[in-house]
file structure_7.pdb (PDB, C-alpha atoms, pLDDT in the B column)
ATOM      1  CA  MET A   1      -4.783 119.948 -28.841  1.00 73.00           C
ATOM      2  CA  THR A   2      -6.684 120.815 -32.042  1.00 88.00           C
ATOM      3  CA  ALA A   3      -5.006 121.387 -35.398  1.00 90.00           C
ATOM      4  CA  VAL A   4      -5.856 125.108 -35.237  1.00 90.00           C
ATOM      5  CA  ARG A   5      -4.143 125.473 -31.884  1.00 91.00           C
ATOM      6  CA  TRP A   6      -1.080 123.609 -33.180  1.00 94.00           C
ATOM      7  CA  VAL A   7      -0.869 126.009 -36.123  1.00 95.00           C
ATOM      8  CA  LEU A   8      -1.236 129.013 -33.804  1.00 94.00           C
ATOM      9  CA  LEU A   9       1.439 127.638 -31.485  1.00 94.00           C
ATOM     10  CA  VAL A  10       3.889 127.119 -34.342  1.00 96.00           C
ATOM     11  CA  ILE A  11       3.276 130.687 -35.570  1.00 96.00           C
ATOM     12  CA  GLU A  12       3.772 132.085 -32.064  1.00 96.00           C
ATOM     13  CA  VAL A  13       7.006 130.154 -31.568  1.00 95.00           C
ATOM     14  CA  LEU A  14       8.338 131.324 -34.955  1.00 96.00           C
ATOM     15  CA  LEU A  15       7.465 134.916 -34.101  1.00 96.00           C
ATOM     16  CA  THR A  16       9.272 134.568 -30.765  1.00 95.00           C
ATOM     17  CA  VAL A  17      12.354 133.310 -32.596  1.00 95.00           C
ATOM     18  CA  TRP A  18      12.090 136.275 -34.983  1.00 96.00           C
ATOM     19  CA  PHE A  19      12.185 138.709 -32.072  1.00 95.00           C
ATOM     20  CA  VAL A  20      15.032 136.866 -30.368  1.00 93.00           C
ATOM     21  CA  ALA A  21      17.013 136.931 -33.642  1.00 93.00           C
ATOM     22  CA  ALA A  22      17.414 140.709 -33.237  1.00 90.00           C
ATOM     23  CA  PHE A  23      19.834 140.183 -30.341  1.00 84.00           C
ATOM     24  CA  PRO A  24      22.416 141.422 -29.492  1.00 81.00           C
ATOM     25  CA  PHE A  25      21.191 144.600 -31.235  1.00 78.00           C
ATOM     26  CA  GLY A  26      17.696 144.509 -29.797  1.00 78.00           C
ATOM     27  CA  ASN A  27      15.530 147.321 -28.462  1.00 89.00           C
ATOM     28  CA  ALA A  28      12.380 147.726 -26.386  1.00 92.00           C
ATOM     29  CA  GLY A  29      10.363 146.235 -29.246  1.00 94.00           C
ATOM     30  CA  THR A  30      12.465 143.081 -29.086  1.00 94.00           C
ATOM     31  CA  VAL A  31      11.639 142.516 -25.421  1.00 94.00           C
ATOM     32  CA  ILE A  32       7.974 143.542 -25.641  1.00 95.00           C
ATOM     33  CA  GLY A  33       7.376 141.560 -28.824  1.00 95.00           C
ATOM     34  CA  GLY A  34       9.060 138.471 -27.421  1.00 94.00           C
ATOM     35  CA  ILE A  35       7.037 138.638 -24.212  1.00 95.00           C
ATOM     36  CA  MET A  36       3.805 139.138 -26.187  1.00 95.00           C
ATOM     37  CA  CYS A  37       4.519 136.060 -28.313  1.00 96.00           C
ATOM     38  CA  LEU A  38       5.403 133.924 -25.292  1.00 95.00           C
ATOM     39  CA  PHE A  39       2.210 135.071 -23.579  1.00 95.00           C
ATOM     40  CA  LEU A  40       0.133 134.140 -26.627  1.00 95.00           C
ATOM     41  CA  ALA A  41       1.857 130.754 -26.808  1.00 96.00           C
ATOM     42  CA  ALA A  42       1.008 130.148 -23.132  1.00 95.00           C
ATOM     43  CA  VAL A  43      -2.634 131.116 -23.802  1.00 95.00           C
ATOM     44  CA  THR A  44      -2.750 128.701 -26.749  1.00 95.00           C
ATOM     45  CA  LEU A  45      -1.302 125.851 -24.662  1.00 94.00           C
ATOM     46  CA  GLU A  46      -3.639 126.487 -21.717  1.00 95.00           C
ATOM     47  CA  TRP A  47      -6.703 127.512 -23.707  1.00 94.00           C
ATOM     48  CA  ASN A  48      -9.065 124.889 -22.261  1.00 94.00           C
ATOM     49  CA  GLY A  49      -8.068 125.757 -18.714  1.00 95.00           C
ATOM     50  CA  ILE A  50      -8.475 129.486 -19.411  1.00 95.00           C
ATOM     51  CA  VAL A  51     -11.969 128.914 -20.828  1.00 94.00           C
ATOM     52  CA  ARG A  52     -12.980 126.872 -17.767  1.00 95.00           C
ATOM     53  CA  PHE A  53     -11.586 129.566 -15.458  1.00 94.00           C
ATOM     54  CA  ALA A  54     -13.480 132.298 -17.355  1.00 95.00           C
ATOM     55  CA  LYS A  55     -16.734 130.318 -17.128  1.00 94.00           C
ATOM     56  CA  ASP A  56     -16.277 129.926 -13.391  1.00 94.00           C
ATOM     57  CA  LEU A  57     -15.645 133.663 -13.036  1.00 93.00           C
ATOM     58  CA  CYS A  58     -18.789 134.463 -14.997  1.00 94.00           C
ATOM     59  CA  LYS A  59     -20.905 132.773 -12.321  1.00 92.00           C
ATOM     60  CA  THR A  60     -20.723 136.015 -10.339  1.00 93.00           C
ATOM     61  CA  GLY A  61     -21.533 139.524 -11.508  1.00 91.00           C
ATOM     62  CA  THR A  62     -18.085 140.858 -10.620  1.00 94.00           C
ATOM     63  CA  GLY A  63     -16.340 137.959 -12.321  1.00 93.00           C
ATOM     64  CA  LYS A  64     -18.416 138.419 -15.452  1.00 94.00           C
ATOM     65  CA  ALA A  65     -17.518 142.121 -15.550  1.00 96.00           C
ATOM     66  CA  ILE A  66     -13.810 141.219 -15.242  1.00 96.00           C
ATOM     67  CA  VAL A  67     -13.996 138.700 -18.094  1.00 95.00           C
ATOM     68  CA  ILE A  68     -15.855 141.143 -20.353  1.00 96.00           C
ATOM     69  CA  SER A  69     -13.370 143.926 -19.523  1.00 96.00           C
ATOM     70  CA  VAL A  70     -10.366 141.733 -20.349  1.00 95.00           C
ATOM     71  CA  VAL A  71     -11.906 140.628 -23.647  1.00 96.00           C
ATOM     72  CA  VAL A  72     -12.820 144.208 -24.642  1.00 98.00           C
ATOM     73  CA  ILE A  73      -9.360 145.554 -23.733  1.00 97.00           C
ATOM     74  CA  ALA A  74      -7.664 142.767 -25.684  1.00 96.00           C
ATOM     75  CA  ALA A  75      -9.897 143.374 -28.716  1.00 97.00           C
ATOM     76  CA  VAL A  76      -9.263 147.139 -28.621  1.00 98.00           C
ATOM     77  CA  MET A  77      -5.499 146.603 -28.408  1.00 97.00           C
ATOM     78  CA  VAL A  78      -5.507 144.191 -31.345  1.00 96.00           C
ATOM     79  CA  LEU A  79      -7.611 146.596 -33.411  1.00 98.00           C
ATOM     80  CA  TYR A  80      -5.403 149.558 -32.462  1.00 98.00           C
ATOM     81  CA  PHE A  81      -2.143 147.848 -33.375  1.00 97.00           C
ATOM     82  CA  ALA A  82      -3.705 146.529 -36.591  1.00 98.00           C
ATOM     83  CA  MET A  83      -4.768 150.047 -37.578  1.00 98.00           C
ATOM     84  CA  LEU A  84      -1.293 151.393 -36.824  1.00 98.00           C
ATOM     85  CA  SER A  85       0.209 148.669 -38.994  1.00 98.00           C
ATOM     86  CA  VAL A  86      -2.109 149.532 -41.880  1.00 98.00           C
ATOM     87  CA  MET A  87      -1.114 153.199 -41.669  1.00 98.00           C
ATOM     88  CA  MET A  88       2.567 152.259 -41.481  1.00 98.00           C
ATOM     89  CA  LEU A  89       2.220 150.083 -44.577  1.00 97.00           C
ATOM     90  CA  ARG A  90       0.392 152.848 -46.444  1.00 97.00           C
ATOM     91  CA  SER A  91       3.239 155.247 -45.690  1.00 97.00           C
ATOM     92  CA  ILE A  92       5.822 152.770 -46.980  1.00 97.00           C
ATOM     93  CA  TYR A  93       4.105 152.678 -50.369  1.00 95.00           C
ATOM     94  CA  ASN A  94       3.441 156.438 -50.560  1.00 96.00           C
ATOM     95  CA  LYS A  95       6.183 156.931 -53.157  1.00 96.00           C
ATOM     96  CA  PRO A  96       6.610 160.155 -55.151  1.00 95.00           C
ATOM     97  CA  ASP A  97       5.940 160.494 -58.867  1.00 93.00           C
ATOM     98  CA  LYS A  98       9.006 162.746 -58.843  1.00 94.00           C
ATOM     99  CA  PRO A  99      10.649 164.034 -55.650  1.00 97.00           C
ATOM    100  CA  ASN A 100      11.054 167.756 -55.035  1.00 97.00           C
ATOM    101  CA  VAL A 101      13.841 167.274 -52.501  1.00 98.00           C
ATOM    102  CA  VAL A 102      15.062 164.158 -50.682  1.00 98.00           C
ATOM    103  CA  VAL A 103      15.561 164.123 -46.897  1.00 98.00           C
ATOM    104  CA  VAL A 104      17.625 161.225 -45.556  1.00 98.00           C
ATOM    105  CA  LEU A 105      17.194 160.582 -41.839  1.00 98.00           C
ATOM    106  CA  GLY A 106      20.331 159.693 -39.937  1.00 96.00           C
ATOM    107  CA  CYS A 107      21.205 156.591 -37.986  1.00 93.00           C
ATOM    108  CA  GLN A 108      24.180 155.338 -36.021  1.00 91.00           C
ATOM    109  CA  VAL A 109      27.691 155.923 -37.326  1.00 95.00           C
ATOM    110  CA  ARG A 110      30.457 153.471 -36.415  1.00 92.00           C
ATOM    111  CA  GLY A 111      33.705 155.391 -36.312  1.00 89.00           C
ATOM    112  CA  ASP A 112      33.515 157.424 -39.501  1.00 90.00           C
ATOM    113  CA  ARG A 113      31.537 154.874 -41.501  1.00 94.00           C
ATOM    114  CA  PRO A 114      27.776 154.293 -41.654  1.00 96.00           C
ATOM    115  CA  SER A 115      26.258 151.434 -39.690  1.00 94.00           C
ATOM    116  CA  LYS A 116      24.540 148.711 -41.687  1.00 94.00           C
ATOM    117  CA  MET A 117      21.123 150.323 -41.193  1.00 95.00           C
ATOM    118  CA  LEU A 118      22.375 153.760 -42.212  1.00 97.00           C
ATOM    119  CA  ARG A 119      24.121 152.311 -45.255  1.00 97.00           C
ATOM    120  CA  ARG A 120      20.847 150.768 -46.398  1.00 97.00           C
ATOM    121  CA  ARG A 121      19.157 154.166 -46.121  1.00 98.00           C
ATOM    122  CA  LEU A 122      21.967 155.786 -48.086  1.00 98.00           C
ATOM    123  CA  ASP A 123      21.828 153.110 -50.780  1.00 98.00           C
ATOM    124  CA  ALA A 124      18.105 153.806 -51.166  1.00 98.00           C
ATOM    125  CA  ALA A 125      18.889 157.528 -51.431  1.00 98.00           C
ATOM    126  CA  VAL A 126      21.551 156.876 -54.087  1.00 98.00           C
ATOM    127  CA  GLU A 127      19.050 154.853 -56.091  1.00 97.00           C
ATOM    128  CA  LEU A 128      16.547 157.705 -55.976  1.00 97.00           C
ATOM    129  CA  LEU A 129      19.071 160.476 -56.630  1.00 97.00           C
ATOM    130  CA  GLU A 130      20.544 158.653 -59.621  1.00 97.00           C
ATOM    131  CA  LYS A 131      17.062 158.339 -61.071  1.00 97.00           C
ATOM    132  CA  TYR A 132      16.451 162.091 -60.631  1.00 97.00           C
ATOM    133  CA  PRO A 133      19.819 163.836 -61.186  1.00 96.00           C
ATOM    134  CA  ASP A 134      18.406 167.354 -60.737  1.00 95.00           C
ATOM    135  CA  VAL A 135      17.021 166.709 -57.237  1.00 97.00           C
ATOM    136  CA  LYS A 136      18.855 167.931 -54.139  1.00 97.00           C
ATOM    137  CA  CYS A 137      19.251 165.965 -50.926  1.00 98.00           C
ATOM    138  CA  VAL A 138      19.326 166.881 -47.238  1.00 98.00           C
ATOM    139  CA  VAL A 139      21.326 164.517 -45.029  1.00 98.00           C
ATOM    140  CA  SER A 140      20.158 164.912 -41.446  1.00 98.00           C
ATOM    141  CA  GLY A 141      21.846 163.776 -38.245  1.00 97.00           C
ATOM    142  CA  GLY A 142      24.047 165.174 -35.508  1.00 96.00           C
ATOM    143  CA  GLN A 143      27.034 163.662 -33.730  1.00 93.00           C
ATOM    144  CA  GLY A 144      26.516 161.237 -30.877  1.00 85.00           C
ATOM    145  CA  SER A 145      28.887 160.926 -27.935  1.00 79.00           C
ATOM    146  CA  ASP A 146      30.233 157.654 -29.367  1.00 80.00           C
ATOM    147  CA  GLU A 147      30.611 158.896 -32.956  1.00 86.00           C
ATOM    148  CA  LYS A 148      33.790 160.390 -34.434  1.00 91.00           C
ATOM    149  CA  ILE A 149      31.903 162.568 -36.906  1.00 95.00           C
ATOM    150  CA  SER A 150      28.315 163.705 -37.344  1.00 96.00           C
ATOM    151  CA  GLU A 151      25.877 161.392 -39.060  1.00 97.00           C
ATOM    152  CA  ALA A 152      25.312 164.093 -41.687  1.00 97.00           C
ATOM    153  CA  GLN A 153      29.048 164.272 -42.494  1.00 97.00           C
ATOM    154  CA  CYS A 154      29.272 160.499 -42.745  1.00 97.00           C
ATOM    155  CA  MET A 155      26.212 160.420 -44.988  1.00 98.00           C
ATOM    156  CA  ARG A 156      27.541 163.178 -47.233  1.00 98.00           C
ATOM    157  CA  ASP A 157      30.907 161.410 -47.597  1.00 97.00           C
ATOM    158  CA  TYR A 158      29.201 158.133 -48.481  1.00 97.00           C
ATOM    159  CA  LEU A 159      26.940 159.722 -51.087  1.00 98.00           C
ATOM    160  CA  VAL A 160      29.892 161.489 -52.700  1.00 98.00           C
ATOM    161  CA  GLU A 161      31.804 158.190 -52.793  1.00 97.00           C
ATOM    162  CA  GLU A 162      28.805 156.677 -54.561  1.00 97.00           C
ATOM    163  CA  GLY A 163      28.920 159.361 -57.253  1.00 97.00           C
ATOM    164  CA  ILE A 164      26.406 161.931 -56.000  1.00 98.00           C
ATOM    165  CA  ALA A 165      27.680 165.458 -56.678  1.00 97.00           C
ATOM    166  CA  ALA A 166      28.601 167.321 -53.491  1.00 97.00           C
ATOM    167  CA  ASP A 167      26.714 170.441 -54.588  1.00 97.00           C
ATOM    168  CA  ARG A 168      23.469 168.459 -54.514  1.00 97.00           C
ATOM    169  CA  ILE A 169      23.887 167.622 -50.830  1.00 98.00           C
ATOM    170  CA  ILE A 170      22.719 169.857 -47.971  1.00 98.00           C
ATOM    171  CA  MET A 171      24.032 168.964 -44.525  1.00 98.00           C
ATOM    172  CA  GLU A 172      21.945 169.264 -41.357  1.00 98.00           C
ATOM    173  CA  ASP A 173      24.285 168.154 -38.573  1.00 96.00           C
ATOM    174  CA  LYS A 174      22.664 169.342 -35.331  1.00 96.00           C
ATOM    175  CA  SER A 175      19.689 167.011 -34.852  1.00 96.00           C
ATOM    176  CA  THR A 176      19.513 164.190 -32.312  1.00 94.00           C
ATOM    177  CA  THR A 177      15.901 163.001 -32.744  1.00 95.00           C
ATOM    178  CA  THR A 178      13.453 162.401 -35.586  1.00 95.00           C
ATOM    179  CA  PHE A 179      11.623 165.568 -34.550  1.00 96.00           C
ATOM    180  CA  GLU A 180      14.834 167.605 -34.894  1.00 97.00           C
ATOM    181  CA  ASN A 181      15.753 165.796 -38.137  1.00 97.00           C
ATOM    182  CA  LEU A 182      12.599 167.097 -39.791  1.00 97.00           C
ATOM    183  CA  LYS A 183      12.449 170.492 -38.082  1.00 97.00           C
ATOM    184  CA  PHE A 184      16.039 171.442 -38.888  1.00 98.00           C
ATOM    185  CA  SER A 185      15.912 169.953 -42.393  1.00 98.00           C
ATOM    186  CA  LEU A 186      12.860 172.043 -43.265  1.00 98.00           C
ATOM    187  CA  GLU A 187      14.671 175.119 -41.949  1.00 97.00           C
ATOM    188  CA  LYS A 188      17.593 174.330 -44.271  1.00 98.00           C
ATOM    189  CA  LEU A 189      15.165 174.223 -47.188  1.00 98.00           C
ATOM    190  CA  ASP A 190      13.668 177.574 -46.155  1.00 97.00           C
ATOM    191  CA  GLU A 191      17.144 179.137 -46.093  1.00 97.00           C
ATOM    192  CA  ARG A 192      17.657 178.099 -49.704  1.00 96.00           C
ATOM    193  CA  GLY A 193      14.178 178.950 -50.938  1.00 97.00           C
ATOM    194  CA  ILE A 194      13.339 175.307 -51.654  1.00 97.00           C
ATOM    195  CA  SER A 195       9.741 174.133 -51.391  1.00 97.00           C
ATOM    196  CA  ARG A 196       8.778 172.141 -48.301  1.00 98.00           C
ATOM    197  CA  ASP A 197       7.499 169.220 -50.406  1.00 98.00           C
ATOM    198  CA  ILE A 198       9.803 166.409 -49.306  1.00 98.00           C
ATOM    199  CA  THR A 199      10.490 162.744 -49.908  1.00 98.00           C
ATOM    200  CA  ILE A 200      11.731 161.070 -46.743  1.00 98.00           C
ATOM    201  CA  VAL A 201      14.289 158.281 -46.974  1.00 98.00           C
ATOM    202  CA  THR A 202      14.331 156.080 -43.887  1.00 98.00           C
ATOM    203  CA  ASP A 203      13.382 152.526 -42.917  1.00 97.00           C
ATOM    204  CA  GLY A 204       9.849 151.528 -43.828  1.00 97.00           C
ATOM    205  CA  TYR A 205       8.640 151.025 -40.264  1.00 97.00           C
ATOM    206  CA  HIS A 206       9.727 154.624 -39.505  1.00 97.00           C
ATOM    207  CA  GLN A 207       7.993 156.339 -42.431  1.00 98.00           C
ATOM    208  CA  TYR A 208       4.556 156.904 -40.896  1.00 98.00           C
ATOM    209  CA  ARG A 209       5.821 158.636 -37.747  1.00 98.00           C
ATOM    210  CA  ALA A 210       8.371 160.635 -39.746  1.00 98.00           C
ATOM    211  CA  SER A 211       5.635 161.850 -42.095  1.00 98.00           C
ATOM    212  CA  LEU A 212       3.401 162.859 -39.170  1.00 97.00           C
ATOM    213  CA  ILE A 213       6.251 164.834 -37.585  1.00 97.00           C
ATOM    214  CA  ALA A 214       7.110 166.476 -40.903  1.00 97.00           C
ATOM    215  CA  LYS A 215       3.516 167.585 -41.415  1.00 97.00           C
ATOM    216  CA  GLU A 216       3.348 168.851 -37.829  1.00 95.00           C
ATOM    217  CA  GLN A 217       6.415 170.973 -38.617  1.00 95.00           C
ATOM    218  CA  GLY A 218       4.768 172.509 -41.670  1.00 96.00           C
ATOM    219  CA  ALA A 219       5.995 170.298 -44.492  1.00 97.00           C
ATOM    220  CA  GLY A 220       4.027 170.385 -47.728  1.00 96.00           C
ATOM    221  CA  GLU A 221       3.473 167.135 -49.587  1.00 97.00           C
ATOM    222  CA  VAL A 222       5.308 164.288 -47.840  1.00 98.00           C
ATOM    223  CA  THR A 223       6.185 161.106 -49.721  1.00 98.00           C
ATOM    224  CA  SER A 224       8.348 158.118 -48.874  1.00 98.00           C
ATOM    225  CA  TYR A 225      11.214 156.104 -50.278  1.00 98.00           C
ATOM    226  CA  SER A 226      12.098 153.295 -47.928  1.00 97.00           C
ATOM    227  CA  ALA A 227      15.311 151.455 -47.215  1.00 97.00           C
ATOM    228  CA  ASP A 228      15.305 147.674 -46.883  1.00 93.00           C
ATOM    229  CA  THR A 229      15.435 146.885 -43.173  1.00 95.00           C
ATOM    230  CA  GLU A 230      17.447 143.785 -42.314  1.00 94.00           C
ATOM    231  CA  PHE A 231      14.837 141.019 -41.959  1.00 95.00           C
ATOM    232  CA  ARG A 232      15.799 139.926 -38.443  1.00 94.00           C
ATOM    233  CA  HIS A 233      15.183 143.479 -37.170  1.00 94.00           C
ATOM    234  CA  VAL A 234      11.826 144.124 -38.853  1.00 96.00           C
ATOM    235  CA  ALA A 235       9.586 142.632 -36.141  1.00 96.00           C
ATOM    236  CA  SER A 236      11.306 144.291 -33.182  1.00 96.00           C
ATOM    237  CA  HIS A 237      11.441 147.721 -34.844  1.00 96.00           C
ATOM    238  CA  TRP A 238       7.829 147.400 -35.992  1.00 97.00           C
ATOM    239  CA  VAL A 239       6.583 146.745 -32.445  1.00 97.00           C
ATOM    240  CA  ARG A 240       8.804 149.475 -31.021  1.00 96.00           C
ATOM    241  CA  GLU A 241       7.267 151.879 -33.533  1.00 97.00           C
ATOM    242  CA  TRP A 242       3.768 151.075 -32.274  1.00 97.00           C
ATOM    243  CA  PHE A 243       4.726 152.512 -28.896  1.00 96.00           C
ATOM    244  CA  ALA A 244       6.697 155.411 -30.379  1.00 96.00           C
ATOM    245  CA  LEU A 245       3.579 156.354 -32.357  1.00 97.00           C
ATOM    246  CA  THR A 246       1.416 156.040 -29.252  1.00 97.00           C
ATOM    247  CA  LYS A 247       3.757 158.394 -27.406  1.00 95.00           C
ATOM    248  CA  PHE A 248       3.560 160.805 -30.362  1.00 95.00           C
ATOM    249  CA  PHE A 249      -0.248 160.761 -30.331  1.00 95.00           C
ATOM    250  CA  ILE A 250      -0.358 161.437 -26.579  1.00 94.00           C
ATOM    251  CA  PHE A 251       2.518 163.855 -26.063  1.00 90.00           C
ATOM    252  CA  GLY A 252       3.285 165.119 -29.581  1.00 82.00           C
ATOM    253  CA  SER A 253       6.835 165.392 -30.914  1.00 69.00           C
TER     254      SER A 253
END

call {"tool": "encode", "arguments": {"input": "structure_7.pdb", "output": "C-alpha cells"}}
result
Amino acid sequence: MTAVRWVLLVIEVLLTVWFVAAFPFGNAGTVIGGIMCLFLAAVTLEWNGIVRFAKDLCKTGTGKAIVISVVVIAAVMVLYFAMLSVMMLRSIYNKPDKPNVVVVLGCQVRGDRPSKMLRRRLDAAVELLEKYPDVKCVVSGGQGSDEKISEAQCMRDYLVEEGIAADRIIMEDKSTTTFENLKFSLEKLDERGISRDITIVTDGYHQYRASLIAKEQGAGEVTSYSADTEFRHVASHWVREWFALTKFFIFGS
C-alpha cells in the first residue's frame, strides 16, 4: 500500500475513533459518521481491487454509466457537505460588535441542574452578558417529560447564581424545538417592544441552522456567540447537523 493510502487510512481510523468516543451519549450523527469512516477505510484498503472492478464495468455501456453515476454522486455529496461546513463555520464566527439582545437556546436539564452541554452555553452567555451589562437575555426551553423543571427556569436560576441580575432575564418556557425556541423568543421580544436583532448563544455546530430559522421567523440582524462543545461530541453533532440542515432545506422548519 502506498504512503498516501497509509496516511488516509490512519486519518479514517482516527475519525472513526472520534465518532465512537461520543458513546454512550451518541446520536444519529455518531452512527452515520462512524459508518462513513469505516466505509472510506474499506475503500482505501481495497482501492486496487475497486479500480480493477470499475475498469471491468466500463467495458460495457451500462457498466460505464454506473461507474460515472457513482463518481458524480460521490463528488456532489462531498461538495454539498463541504459547502454546509463552510456555512456552519461562517456562522460560528459571525459575532456581534455589540449585542442588542441575547437568546440562549435550551438543552437537556438533569434534575434541576443544567447538563454539561447546557452549562457550556450558559457560561458563554454569562461571559457575553458580563461584557455588556445593559443587554437583556432570553432563556428559551420548555420542560421535557424527564425534567423536573423547564430548561428556561434552570437556565434563569444558573444565570442568577452566576451574578446576572434577574430583571435582565426573560423566560420563554414553552418551546420544545429549535423552531419554537426562536419563534417564541421573538414573540417575547415583541411583547416588550425590543428589536428583533438577536445574538444567539448555542453550540457552534448549531448556529447556522438556528440563524436560518430565526431569519425565517422574521428576526432582524442575527449574530452568534458560541459555546465550546465538548471535543468528543463535535464530530457526531457536526454530521448530524448536515442532515438536520438538509431536512430544513427540503421541508422548512

call {"tool": "closest_residue", "arguments": {"input": "structure_7.pdb", "among": "A:Thr62, A:Gln143, A:Thr30, A:Thr44", "to": "His237 in chain A", "atoms": "only C-alpha atoms"}}
result
A:Thr30

call {"tool": "axis_aligned_box", "arguments": {"input": "structure_7.pdb", "around": "range 111-116 of chain A", "padding_each_side": "3 Å", "output": "lines of an AutoDock Vina configuration file"}}
result
center_x = 29.1
center_y = 153.1
center_z = -39.0
size_x = 15.2
size_y = 14.7
size_z = 11.4

call {"tool": "atom_distance", "arguments": {"input": "structure_7.pdb", "atom1": "CA of Met1 in chain A", "atom2": "CA of Ile35 in chain A"}}
result
22.6 Å

call {"tool": "closest_atom_pairs", "arguments": {"input": "structure_7.pdb", "of": "range 64-143 of chain A", "to": "range 194-213 of chain A", "cutoff": "12 Å", "atoms": "all atoms listed in the file", "output": "CSV"}}
result
residue,atom,partner,partner_atom,distance
A:Leu84,CA,A:Tyr208,CA,9.0
A:Ser85,CA,A:Tyr205,CA,8.8
A:Val86,CA,A:Tyr208,CA,10.0
A:Met87,CA,A:Tyr208,CA,6.8
A:Met88,CA,A:Tyr208,CA,5.1
A:Leu89,CA,A:Tyr205,CA,7.8
A:Arg90,CA,A:Tyr208,CA,8.0
A:Ser91,CA,A:Tyr208,CA,5.2
A:Ile92,CA,A:Gly204,CA,5.3
A:Tyr93,CA,A:Gly204,CA,8.8
A:Asn94,CA,A:Gln207,CA,9.3
A:Lys95,CA,A:Thr199,CA,7.9
A:Pro96,CA,A:Thr199,CA,7.0
A:Asp97,CA,A:Thr199,CA,10.3
A:Lys98,CA,A:Thr199,CA,9.1
A:Pro99,CA,A:Thr199,CA,5.9
A:Asn100,CA,A:Ile198,CA,6.0
A:Val101,CA,A:Ile198,CA,5.2
A:Val102,CA,A:Thr199,CA,4.8
A:Val103,CA,A:Ile200,CA,4.9
A:Val104,CA,A:Val201,CA,4.7
A:Leu105,CA,A:Thr202,CA,5.7
A:Gly106,CA,A:Thr202,CA,8.0
A:Cys107,CA,A:Thr202,CA,9.1
A:Lys116,CA,A:Asp203,CA,11.9
A:Met117,CA,A:Asp203,CA,8.2
A:Leu118,CA,A:Thr202,CA,8.5
A:Arg119,CA,A:Thr202,CA,10.6
A:Arg120,CA,A:Asp203,CA,8.4
A:Arg121,CA,A:Thr202,CA,5.7
A:Leu122,CA,A:Val201,CA,8.1
A:Asp123,CA,A:Val201,CA,9.9
A:Ala124,CA,A:Val201,CA,7.2
A:Ala125,CA,A:Val201,CA,6.4
A:Val126,CA,A:Val201,CA,10.3
A:Glu127,CA,A:Val201,CA,10.8
A:Leu128,CA,A:Val201,CA,9.3
A:Leu129,CA,A:Val201,CA,11.0
A:Val135,CA,A:Thr199,CA,10.6
A:Lys136,CA,A:Ile194,CA,9.5
A:Cys137,CA,A:Thr199,CA,9.4
A:Val138,CA,A:Ile200,CA,9.6
A:Val139,CA,A:Val201,CA,9.6
A:Ser140,CA,A:Val201,CA,10.4

call {"tool": "resolve_selection", "arguments": {"input": "structure_7.pdb", "expression": "the PyMOL selection byres ((chain A and resi 166-176) around 10)", "output": "number ranges by chain"}}
result
A: 101-103, 105-107, 129, 133-144, 149-153, 155-157, 159-161, 163-165, 177-189, 192

call {"tool": "atom_distance", "arguments": {"input": "structure_7.pdb", "atom1": "CA of Leu245 in chain A", "atom2": "CA of Met77 in chain A"}}
result
13.9 Å

call {"tool": "atom_distance", "arguments": {"input": "structure_7.pdb", "atom1": "CA of Phe81 in chain A", "atom2": "CA of Trp238 in chain A"}}
result
10.3 Å

call {"tool": "resolve_selection", "arguments": {"input": "structure_7.pdb", "expression": "the PyMOL selection byres ((chain A and resi 12) around 8)", "output": "ChimeraX atom specification"}}
result
/A:8-11,13-16,37-38,40-41
